[in-house]
Every structure is written in C-alpha cells, then in structure tokens.
$ cat data36.tsv   # TSV, C-alpha atoms
chain	number	residue	atom	x	y	z
A	1	MET	CA	0.00	0.00	0.00
A	2	ALA	CA	1.33	3.44	-0.89
A	3	PRO	CA	2.15	5.71	2.06
A	4	PRO	CA	-0.64	8.13	2.97
A	5	HIS	CA	-0.46	11.71	1.84
A	6	PHE	CA	-0.89	14.33	4.55
A	7	PRO	CA	-1.56	17.81	3.24
A	8	GLY	CA	-1.19	19.34	6.69
A	9	ARG	CA	-3.73	21.15	8.81
A	10	ARG	CA	-6.73	22.80	7.25
A	11	PRO	CA	-7.05	26.12	9.12
A	12	SER	CA	-10.20	27.13	7.23
A	13	ILE	CA	-12.25	24.04	8.00
A	14	TRP	CA	-14.07	25.55	11.01
A	15	ARG	CA	-15.09	28.56	8.91
A	16	ALA	CA	-16.36	26.20	6.21
A	17	ILE	CA	-18.43	24.25	8.74
A	18	VAL	CA	-20.04	27.46	9.97
A	19	LEU	CA	-20.70	28.58	6.39
A	20	GLN	CA	-22.35	25.32	5.37
A	21	VAL	CA	-24.69	25.40	8.37
A	22	ALA	CA	-25.45	29.06	7.61
A	23	ALA	CA	-26.19	28.17	3.97
A	24	LEU	CA	-28.66	25.51	5.06
A	25	LEU	CA	-30.36	27.95	7.44
A	26	VAL	CA	-30.60	30.54	4.65
A	27	PHE	CA	-32.12	27.90	2.40
A	28	VAL	CA	-34.78	27.14	5.02
A	29	GLY	CA	-35.46	30.87	5.38
A	30	VAL	CA	-35.92	31.27	1.62
A	31	ILE	CA	-38.36	28.36	1.50
A	32	TYR	CA	-40.36	29.80	4.39
A	33	ALA	CA	-40.41	33.23	2.72
A	34	ILE	CA	-41.71	31.70	-0.50
A	35	GLU	CA	-44.41	29.84	1.39
A	36	ARG	CA	-45.44	32.93	3.38
A	37	PHE	CA	-45.30	35.68	0.78
A	38	VAL	CA	-45.71	33.93	-2.57
A	39	GLN	CA	-48.10	31.25	-1.29
A	40	PRO	CA	-47.72	28.99	-4.32
A	41	GLU	CA	-50.56	26.64	-5.12
A	42	PHE	CA	-49.71	23.01	-5.78
A	43	THR	CA	-51.53	20.07	-7.19
A	44	PRO	CA	-50.78	16.77	-5.42
A	45	THR	CA	-48.39	15.89	-8.24
A	46	THR	CA	-46.47	19.19	-8.28
A	47	LEU	CA	-46.28	19.19	-4.47
A	48	LEU	CA	-44.76	15.72	-4.53
A	49	LEU	CA	-42.26	16.66	-7.25
A	50	THR	CA	-41.30	19.84	-5.37
A	51	SER	CA	-40.80	17.82	-2.20
A	52	LEU	CA	-38.53	15.38	-4.00
A	53	VAL	CA	-36.40	18.23	-5.34
A	54	MET	CA	-36.21	19.79	-1.86
A	55	ALA	CA	-34.97	16.47	-0.50
A	56	LEU	CA	-31.87	16.74	-2.71
A	57	VAL	CA	-30.93	20.36	-1.99
A	58	PRO	CA	-29.73	20.03	1.66
A	59	ALA	CA	-27.49	17.10	0.72
A	60	GLY	CA	-26.10	19.06	-2.23
A	61	ILE	CA	-25.25	22.08	-0.08
A	62	TRP	CA	-23.65	20.02	2.67
A	63	LEU	CA	-21.68	17.83	0.27
A	64	ALA	CA	-20.42	20.80	-1.76
A	65	PHE	CA	-18.87	22.42	1.31
A	66	PHE	CA	-17.29	19.18	2.49
A	67	TYR	CA	-15.89	18.49	-0.95
A	68	GLN	CA	-14.37	21.98	-1.02
A	69	GLN	CA	-12.39	21.09	2.11
A	70	ASP	CA	-10.52	18.50	0.05
A	71	ARG	CA	-9.50	21.01	-2.62
A	72	VAL	CA	-5.75	20.57	-1.94
A	73	GLU	CA	-5.95	17.09	-3.43
A	74	PRO	CA	-9.64	16.55	-4.21
A	75	GLU	CA	-11.18	13.13	-4.45
A	76	PRO	CA	-12.55	12.20	-7.87
A	77	LEU	CA	-16.09	13.52	-8.05
A	78	SER	CA	-17.23	10.20	-9.52
A	79	TYR	CA	-15.99	8.42	-6.36
A	80	VAL	CA	-17.73	10.86	-4.03
A	81	LEU	CA	-21.00	10.64	-5.96
A	82	GLY	CA	-20.63	6.86	-6.17
A	83	VAL	CA	-20.40	6.56	-2.39
A	84	PHE	CA	-23.34	8.97	-2.08
A	85	ALA	CA	-25.36	6.71	-4.39
A	86	LEU	CA	-24.28	3.59	-2.49
A	87	GLY	CA	-25.37	5.13	0.81
A	88	ALA	CA	-28.72	5.95	-0.78
A	89	LEU	CA	-29.06	2.42	-2.20
A	90	LEU	CA	-28.29	0.79	1.13
A	91	ALA	CA	-30.87	3.00	2.84
A	92	ALA	CA	-33.57	2.06	0.32
A	93	ALA	CA	-32.73	-1.63	-0.02
A	94	VAL	CA	-31.63	-2.52	3.51
A	95	GLY	CA	-32.02	0.25	6.10
A	96	ILE	CA	-35.64	1.29	5.66
A	97	PRO	CA	-36.93	-2.30	5.15
A	98	LEU	CA	-35.07	-3.46	8.27
A	99	GLU	CA	-36.45	-0.66	10.42
A	100	GLU	CA	-40.01	-0.72	9.11
A	101	ASP	CA	-40.66	-4.33	8.08
A	102	VAL	CA	-38.36	-6.38	10.33
A	103	PHE	CA	-38.10	-4.37	13.55
A	104	ARG	CA	-41.35	-2.44	12.92
A	105	THR	CA	-40.00	0.62	14.73
A	106	GLY	CA	-43.02	2.73	13.83
A	107	GLN	CA	-45.13	0.61	16.19
A	108	TRP	CA	-43.03	0.95	19.35
A	109	LEU	CA	-40.09	3.32	19.00
A	110	TYR	CA	-41.93	6.40	20.28
A	111	ALA	CA	-43.90	4.70	23.03
A	112	ASP	CA	-41.97	6.49	25.81
A	113	PRO	CA	-38.68	8.41	26.17
A	114	LEU	CA	-36.63	5.44	27.42
A	115	THR	CA	-37.80	3.21	24.58
A	116	THR	CA	-37.06	5.99	22.11
A	117	LEU	CA	-33.54	6.39	23.48
A	118	LEU	CA	-32.64	2.69	23.64
A	119	GLY	CA	-34.36	1.78	20.38
A	120	GLY	CA	-32.83	4.78	18.68
A	121	ILE	CA	-29.35	3.60	19.64
A	122	LEU	CA	-29.56	-0.19	19.51
A	123	VAL	CA	-31.81	-0.56	16.45
A	124	VAL	CA	-32.02	2.60	14.35
A	125	GLY	CA	-28.58	3.94	15.24
A	126	PHE	CA	-26.66	0.72	14.62
A	127	ILE	CA	-28.52	-0.05	11.38
A	128	GLU	CA	-27.93	3.40	9.91
A	129	GLU	CA	-24.34	3.86	11.03
A	130	PHE	CA	-23.22	0.37	10.04
A	131	LEU	CA	-24.67	0.83	6.56
A	132	LYS	CA	-22.83	4.14	6.14
A	133	TYR	CA	-19.64	2.41	7.26
A	134	ALA	CA	-20.26	-0.43	4.81
A	135	ALA	CA	-20.81	2.03	1.94
A	136	VAL	CA	-17.21	3.25	2.40
A	137	ARG	CA	-15.46	0.13	3.70
A	138	TYR	CA	-16.58	-2.10	0.85
A	139	SER	CA	-16.18	0.38	-1.99
A	140	VAL	CA	-13.46	3.06	-2.04
A	141	TYR	CA	-11.60	2.01	1.11
A	142	HIS	CA	-8.86	0.14	-0.77
A	143	SER	CA	-8.74	2.61	-3.65
A	144	ALA	CA	-5.50	4.47	-4.39
A	145	GLU	CA	-7.55	7.68	-4.15
A	146	TYR	CA	-8.20	6.99	-0.47
A	147	ASP	CA	-4.74	8.23	0.51
A	148	GLU	CA	-5.16	10.33	3.67
A	149	PRO	CA	-7.17	10.06	6.91
A	150	THR	CA	-9.39	13.01	5.98
A	151	ASP	CA	-10.71	11.01	3.02
A	152	GLY	CA	-12.52	8.76	5.48
A	153	VAL	CA	-14.58	11.73	6.62
A	154	ILE	CA	-15.24	12.97	3.06
A	155	TYR	CA	-16.50	9.59	1.87
A	156	ALA	CA	-18.44	8.76	5.04
A	157	VAL	CA	-20.23	12.11	4.91
A	158	ALA	CA	-21.11	11.40	1.27
A	159	ALA	CA	-22.60	8.05	2.34
A	160	GLY	CA	-24.48	9.72	5.19
A	161	LEU	CA	-25.95	12.32	2.86
A	162	GLY	CA	-27.04	9.62	0.44
A	163	TYR	CA	-28.73	7.87	3.33
A	164	ALA	CA	-30.39	11.09	4.49
A	165	THR	CA	-31.64	11.88	0.98
A	166	VAL	CA	-33.43	8.54	0.72
A	167	LEU	CA	-34.95	9.03	4.19
A	168	ASN	CA	-36.23	12.43	3.07
A	169	ILE	CA	-37.59	11.08	-0.20
A	170	HIS	CA	-39.29	8.26	1.72
A	171	PHE	CA	-40.79	10.87	4.05
A	172	ALA	CA	-42.12	12.86	1.08
A	173	LEU	CA	-43.53	9.80	-0.67
A	174	THR	CA	-45.30	8.42	2.40
A	175	ASP	CA	-46.89	11.83	3.02
A	176	GLY	CA	-47.76	12.39	-0.63
A	177	GLY	CA	-45.64	15.54	-0.61
A	178	VAL	CA	-44.84	17.85	2.30
A	179	SER	CA	-45.55	21.48	3.05
A	180	LEU	CA	-42.69	23.72	1.96
A	181	GLY	CA	-41.63	25.21	5.28
A	182	VAL	CA	-42.15	22.43	7.81
A	183	GLY	CA	-41.18	19.75	5.32
A	184	GLU	CA	-37.93	21.48	4.42
A	185	LEU	CA	-37.09	21.95	8.10
A	186	ARG	CA	-37.37	18.21	8.59
A	187	MET	CA	-35.21	17.49	5.53
A	188	VAL	CA	-32.45	19.91	6.55
A	189	VAL	CA	-32.39	18.46	10.07
A	190	GLU	CA	-32.06	14.95	8.63
A	191	ALA	CA	-29.20	15.96	6.34
A	192	MET	CA	-27.30	17.76	9.11
A	193	ALA	CA	-27.69	14.89	11.55
A	194	GLN	CA	-26.86	12.02	9.21
A	195	ALA	CA	-23.80	13.82	7.83
A	196	SER	CA	-22.51	14.66	11.30
A	197	PHE	CA	-22.79	11.12	12.66
A	198	ALA	CA	-21.22	9.71	9.50
A	199	GLY	CA	-18.28	12.06	10.11
A	200	ILE	CA	-17.57	10.21	13.37
A	201	THR	CA	-17.41	6.90	11.53
A	202	GLY	CA	-15.30	8.53	8.83
A	203	TYR	CA	-12.70	9.63	11.38
A	204	PHE	CA	-12.40	6.09	12.70
A	205	LEU	CA	-12.19	4.74	9.14
A	206	GLY	CA	-9.36	7.12	8.32
A	207	ARG	CA	-7.40	6.10	11.39
A	208	ALA	CA	-8.13	2.41	10.79
A	209	LYS	CA	-6.55	2.48	7.34
A	210	PHE	CA	-3.41	4.47	8.10
A	211	GLU	CA	-2.70	3.67	11.75
A	212	ASN	CA	-2.07	0.39	13.54
A	213	GLU	CA	-5.31	0.45	15.50
A	214	PRO	CA	-6.56	-2.48	17.63
A	215	ILE	CA	-9.35	-4.79	16.48
A	216	TRP	CA	-11.95	-2.98	18.59
A	217	TRP	CA	-11.26	0.39	16.94
A	218	MET	CA	-13.93	0.30	14.21
A	219	PRO	CA	-16.62	-1.31	16.40
A	220	LEU	CA	-15.99	1.52	18.87
A	221	GLY	CA	-16.40	4.11	16.10
A	222	ILE	CA	-19.68	2.64	14.89
A	223	THR	CA	-20.94	2.37	18.48
A	224	LEU	CA	-20.15	6.03	19.15
A	225	SER	CA	-21.86	7.21	15.97
A	226	ALA	CA	-24.89	4.97	16.66
A	227	THR	CA	-25.10	6.35	20.19
A	228	ALA	CA	-24.91	9.93	18.92
A	229	ASN	CA	-27.63	9.10	16.39
A	230	GLY	CA	-29.98	7.67	19.01
A	231	VAL	CA	-29.34	10.37	21.60
A	232	PHE	CA	-29.93	13.10	19.02
A	233	ASN	CA	-33.30	11.69	17.94
A	234	TRP	CA	-34.36	11.26	21.55
A	235	LEU	CA	-33.25	14.78	22.45
A	236	ARG	CA	-34.95	16.23	19.40
A	237	GLY	CA	-38.22	14.75	20.58
A	238	GLN	CA	-37.69	16.23	24.03
A	239	VAL	CA	-36.81	19.78	22.97
A	240	THR	CA	-39.59	20.03	20.42
A	241	GLN	CA	-42.13	18.94	23.08
A	242	GLY	CA	-44.07	16.96	20.56
A	243	GLY	CA	-41.82	14.06	19.76
A	244	PHE	CA	-40.91	13.06	16.27
A	245	SER	CA	-42.21	10.32	14.04
A	246	VAL	CA	-41.69	9.09	10.52
A	247	ALA	CA	-45.22	10.11	9.70
A	248	GLY	CA	-45.09	13.69	10.91
A	249	ALA	CA	-43.14	16.68	12.07
A	250	ALA	CA	-42.31	17.84	15.55
A	251	ALA	CA	-44.61	20.26	17.36
A	252	ASN	CA	-41.94	22.98	17.21
A	253	PRO	CA	-39.62	22.02	14.35
A	254	TRP	CA	-37.55	25.21	14.69
A	255	LEU	CA	-36.13	23.91	17.96
A	256	GLY	CA	-35.22	20.70	16.16
A	257	LEU	CA	-33.42	22.73	13.50
A	258	LEU	CA	-31.50	24.70	16.13
A	259	LEU	CA	-30.49	21.48	17.86
A	260	ALA	CA	-29.36	19.93	14.56
A	261	ALA	CA	-27.27	23.00	13.72
A	262	LEU	CA	-25.57	22.95	17.13
A	263	VAL	CA	-24.92	19.21	16.90
A	264	ALA	CA	-23.54	19.55	13.36
A	265	LEU	CA	-21.16	22.32	14.45
A	266	ALA	CA	-20.05	20.45	17.58
A	267	VAL	CA	-19.59	17.01	16.01
A	268	THR	CA	-17.97	18.15	12.79
A	269	GLY	CA	-15.74	20.59	14.64
A	270	LEU	CA	-14.65	17.83	17.03
A	271	VAL	CA	-13.87	15.44	14.17
A	272	SER	CA	-11.85	18.14	12.41
A	273	TRP	CA	-9.91	18.88	15.60
A	274	LEU	CA	-9.19	15.17	16.13
A	275	ILE	CA	-7.80	14.84	12.61
A	276	ASN	CA	-5.55	17.87	13.01
A	277	HIS	CA	-4.47	16.73	16.48
A	278	SER	CA	-3.52	13.27	15.13
A	279	GLN	CA	-1.44	14.84	12.38
A	280	ARG	CA	0.35	17.14	14.83
A	281	ALA	CA	1.04	14.24	17.19
A	282	ALA	CA	2.56	12.25	14.33
A	283	GLY	CA	4.67	15.24	13.27
A	284	ARG	CA	2.95	15.55	9.89
$ encode --input "data36.tsv" --output "structure tokens"
Amino acid sequence: MAPPHFPGRRPSIWRAIVLQVAALLVFVGVIYAIERFVQPEFTPTTLLLTSLVMALVPAGIWLAFFYQQDRVEPEPLSYVLGVFALGALLAAAVGIPLEEDVFRTGQWLYADPLTTLLGGILVVGFIEEFLKYAAVRYSVYHSAEYDEPTDGVIYAVAAGLGYATVLNIHFALTDGGVSLGVGELRMVVEAMAQASFAGITGYFLGRAKFENEPIWWMPLGITLSATANGVFNWLRGQVTQGGFSVAGAAANPWLGLLLAALVALAVTGLVSWLINHSQRAAGR
C-alpha cells in the first residue's frame, strides 16, 4: 500500500463548517419566505415533485462544502457521488426495510422516552451507522484515491448524505408531498444529523486504514456514531415537546433545526480537531 499523503492542517475548516450550516439555514429561510409571501398553489403531483427536489438540496449544499475542504488534493467527483449513491441504495434496499418491516419501529419506537432512546441507539442507530460504514469500507476504502485520513470523513459524509436523501424522499412519498416550510425543516435536520454522525465513523475509518489500530477500533467508532444518532433523535423529541415520528413533524420544528445545527457544528468541529491533532502528534 502506498504511504498516505498528509496535506497538513486545514485552518479554514471551522469557517467552512459554519458557512455550510449558515447556507442551510438561509435555504430554510428562503423556503419559508416563498411559502409565506408567494403562497404557491400546488396540485398533489407538483407538491410531490417539489418535495422530492427539496430532499436533494440540503445534501447538495452540505456535500459541496465538504468536498471543497478537500480542494488541496480533491477526491474524484465520480468516487464521491458513487459513495453517495451507495449510501442511498443501502438505505432504500436494507435500512428502511429493516427498520419498518423487520423491527417495525413505527409501532413501538416512540412509546416512551426510554424506549425511544434505547431503540434509537440499539436498532435505528446501529442499522444506519453500520450501513454508512459499509458504503465506504466495501467500496473506495482500498482505492488508491483513499490516501489520507481526511478522506474517510469525506466519503463517510457522502454516504451519510445519500442515506439522508433517501430518508427524506421516503418521508415525502409516504406523506404524498410535504408542506414547503415544515417539510424542508425536517429534511435539513435529517441531512445535518446524518452527515454529522457519519463524520464520526469517517474519522475512525481514516485512522483504521493508516494507523495500527486495535481490532476494537472500528466497532468503537460505529458504536459512538450509533449512540450519537440515538441520543440526538431522543433529544430532538424532548426539545420540540411533541416528539418526532416518521409520519409527521415535531410540534416545534424550529427547535429541532436549532439542535441539529448545534450538533452539526459540535460534532464536525470535534472530528476536524481530532484529525488535526492526530497529524500534529505524528509530526505531519
């Protein structure tokens, strides 16, 4: 295996994280302004088509900013989009059927806060985070283009955004289209959350390839990301005071958006700091 390439620290990455969250918040504001002041009229078909387009925009914004962080030696766009597509495929073919048809989470997951927390970690969290891991580990992981630890984060975030996009499309399809404002809030929250938790797995993937980590290293990474996933969904239900379900939106979705933005900033900032700290410790 060729030695990894280390481009050094990325001093602008925190600014980029803030900008991408700000761009998503601006996008939500624009959608709400359109709904409030333009008040477009939709047929069921045009509402559904608009909802499907809106499901793609948050992922596009988030992925564009992350991809820009790799501009020193960017990954091939075809690889990034391929992992995005694989994450989406795994969500549609494995993740959603497992959650809905095998574990039937819609029937019990939101019964009470403790069930939501434990089920969100042990069932939903582990299913989603393992599939994002698999999308990277069994595709580009051994590629010559995967040549630095940061690539693990780039590719894992792409997988997470693919997963989030399918969840959002599934949400739109099951509801027959969603209202512009509340629906877009839900989609942005999903994109922020799934990308952030995938970033944790991506950090562990990067270290696993280029460092001599013990056998428990990757299971620990997936466990941490699954725990963050479950805790976030439980906490979102608490702060919005109405819970959250696949079939509907939270009672106060703006609080959910604020929580997602704070979590995205905290998790992605922590992952970025860990990468830079590892490079400094190794004298790179």
$ atom_distance --input "data36.tsv" --atom1 "atom CA of Leu98 of chain A" --atom2 "atom CA of Gly199 of chain A"
22.9 Å
$ closest_atom_pairs --input "data36.tsv" --of "segment 140-194 of chain A" --to "segment 255-277 of chain A" --cutoff "12 Å" --atoms "all atoms listed in the file" --output "Markdown table"
| residue | atom | partner | partner_atom | distance |
| --- | --- | --- | --- | --- |
| A:Glu148 | CA | A:Ile275 | CA | 10.4 |
| A:Pro149 | CA | A:Ile275 | CA | 7.5 |
| A:Thr150 | CA | A:Ile275 | CA | 7.1 |
| A:Asp151 | CA | A:Ile275 | CA | 10.7 |
| A:Gly152 | CA | A:Ile275 | CA | 10.5 |
| A:Val153 | CA | A:Val271 | CA | 8.4 |
| A:Ile154 | CA | A:Ser272 | CA | 11.2 |
| A:Val157 | CA | A:Thr268 | CA | 10.2 |
| A:Gly181 | CA | A:Leu257 | CA | 11.9 |
| A:Val182 | CA | A:Leu257 | CA | 10.4 |
| A:Gly183 | CA | A:Leu257 | CA | 11.7 |
| A:Glu184 | CA | A:Leu257 | CA | 10.2 |
| A:Leu185 | CA | A:Leu257 | CA | 6.6 |
| A:Arg186 | CA | A:Leu257 | CA | 7.8 |
| A:Met187 | CA | A:Leu257 | CA | 9.7 |
| A:Val188 | CA | A:Leu257 | CA | 7.6 |
| A:Val189 | CA | A:Leu257 | CA | 5.6 |
| A:Glu190 | CA | A:Ala260 | CA | 8.2 |
| A:Ala191 | CA | A:Ala260 | CA | 9.1 |
| A:Met192 | CA | A:Ala264 | CA | 6.0 |
| A:Ala193 | CA | A:Ala260 | CA | 6.1 |
| A:Gln194 | CA | A:Ala264 | CA | 9.2 |
$ atom_distance --input "data36.tsv" --atom1 "atom CA of Gly160 of chain A" --atom2 "atom CA of Ala88 of chain A"
8.2 Å
$ residues_around --input "data36.tsv" --residues "Leu81 of chain A" --least-positions-apart "4" --cutoff "10 Å" --atoms "only C-alpha atoms" --output "PyMOL selection string"
chain A and resi 63+76-77+85-87+155+158-159+162
$ atom_distance --input "data36.tsv" --atom1 "atom CA of Trp217 of chain A" --atom2 "atom CA of Tyr133 of chain A"
13.0 Å
$ closest_residue --input "data36.tsv" --among "A:Asn233, A:Gln238, A:Thr165, A:Thr174" --to "Gly119 of chain A" --atoms "only C-alpha atoms"
A:Asn233
$ closest_residue --input "data36.tsv" --among "A:Gly95, A:Pro44, A:Pro74, A:Gly29" --to "Ala134 of chain A" --atoms "all atoms listed in the file"
A:Gly95
$ closest_residue --input "data36.tsv" --among "A:Val57, A:Leu24, A:Ala164, A:Ile31" --to "Glu129 of chain A" --atoms "only C-alpha atoms"
A:Ala164
$ closest_residue --input "data36.tsv" --among "A:Asp175, A:Arg36, A:Glu145, A:Val136" --to "Tyr203 of chain A" --atoms "only C-alpha atoms"
A:Val136
$ closest_residue --input "data36.tsv" --among "A:Leu220, A:Leu131, A:Ala55, A:Val21" --to "Val94 of chain A" --atoms "all atoms listed in the file"
A:Leu131
$ closest_residue --input "data36.tsv" --among "A:Leu90, A:Ala208, A:Val26, A:Ile169" --to "His142 of chain A" --atoms "only C-alpha atoms"
A:Ala208
$ residues_around --input "data36.tsv" --residues "Phe210 of chain A" --least-positions-apart "2" --cutoff "9 Å" --atoms "only C-alpha atoms" --output "MDAnalysis selection string"
chainID A and resid 3:4 147:149 205:208 212:213
$ residues_near_point --input "data36.tsv" --point "(-30.7, 4.3, 20.4)" --cutoff "7 Å" --atoms "only C-alpha atoms" --output "MDAnalysis selection string"
chainID A and resid 116:125 226:227 229:231
$ write_last_selection --input "data36.tsv" --atoms "C-alpha atoms" --output "mmCIF file, in the frame of the given file"
data_model
loop_
_atom_site.group_PDB
_atom_site.id
_atom_site.type_symbol
_atom_site.label_atom_id
_atom_site.label_comp_id
_atom_site.auth_asym_id
_atom_site.auth_seq_id
_atom_site.Cartn_x
_atom_site.Cartn_y
_atom_site.Cartn_z
ATOM 1 C CA THR A 116 -37.060 5.990 22.110
ATOM 2 C CA LEU A 117 -33.540 6.390 23.480
ATOM 3 C CA LEU A 118 -32.640 2.690 23.640
ATOM 4 C CA GLY A 119 -34.360 1.780 20.380
ATOM 5 C CA GLY A 120 -32.830 4.780 18.680
ATOM 6 C CA ILE A 121 -29.350 3.600 19.640
ATOM 7 C CA LEU A 122 -29.560 -0.190 19.510
ATOM 8 C CA VAL A 123 -31.810 -0.560 16.450
ATOM 9 C CA VAL A 124 -32.020 2.600 14.350
ATOM 10 C CA GLY A 125 -28.580 3.940 15.240
ATOM 11 C CA ALA A 226 -24.890 4.970 16.660
ATOM 12 C CA THR A 227 -25.100 6.350 20.190
ATOM 13 C CA ASN A 229 -27.630 9.100 16.390
ATOM 14 C CA GLY A 230 -29.980 7.670 19.010
ATOM 15 C CA VAL A 231 -29.340 10.370 21.600
#
$ build_atoms --input "data36.tsv" --residues "segment 27-40 of chain A" --atoms "N, CA and C atoms" --output "short mmCIF file (atom, residue, chain, number, x, y, z; two decimals), keeping the file's coordinate frame"
data_model
loop_
_atom_site.label_atom_id
_atom_site.label_comp_id
_atom_site.auth_asym_id
_atom_site.auth_seq_id
_atom_site.Cartn_x
_atom_site.Cartn_y
_atom_site.Cartn_z
N PHE A 27 -31.24 28.65 3.30
CA PHE A 27 -32.12 27.90 2.40
C PHE A 27 -33.50 27.69 3.03
N VAL A 28 -33.50 27.31 4.31
CA VAL A 28 -34.78 27.14 5.02
C VAL A 28 -35.53 28.46 5.06
N GLY A 29 -34.81 29.57 5.33
CA GLY A 29 -35.46 30.87 5.38
C GLY A 29 -36.08 31.26 4.05
N VAL A 30 -35.39 30.96 2.95
CA VAL A 30 -35.92 31.27 1.62
C VAL A 30 -37.19 30.48 1.36
N ILE A 31 -37.17 29.20 1.71
CA ILE A 31 -38.36 28.36 1.50
C ILE A 31 -39.54 28.88 2.31
N TYR A 32 -39.28 29.26 3.57
CA TYR A 32 -40.36 29.80 4.39
C TYR A 32 -40.88 31.12 3.83
N ALA A 33 -39.98 31.96 3.31
CA ALA A 33 -40.41 33.23 2.72
C ALA A 33 -41.28 32.99 1.49
N ILE A 34 -40.91 32.03 0.68
CA ILE A 34 -41.71 31.70 -0.50
C ILE A 34 -43.10 31.23 -0.08
N GLU A 35 -43.12 30.36 0.94
CA GLU A 35 -44.41 29.84 1.39
C GLU A 35 -45.29 30.95 1.97
N ARG A 36 -44.66 31.89 2.70
CA ARG A 36 -45.44 32.93 3.38
C ARG A 36 -45.90 34.03 2.44
N PHE A 37 -45.00 34.49 1.57
CA PHE A 37 -45.30 35.68 0.78
C PHE A 37 -45.78 35.37 -0.64
N VAL A 38 -45.27 34.31 -1.22
CA VAL A 38 -45.71 33.93 -2.57
C VAL A 38 -46.95 33.06 -2.49
N GLN A 39 -46.99 32.19 -1.50
CA GLN A 39 -48.10 31.25 -1.29
C GLN A 39 -48.44 30.50 -2.57
N PRO A 40 -47.47 29.74 -3.08
CA PRO A 40 -47.72 28.99 -4.32
C PRO A 40 -48.79 27.93 -4.12
#
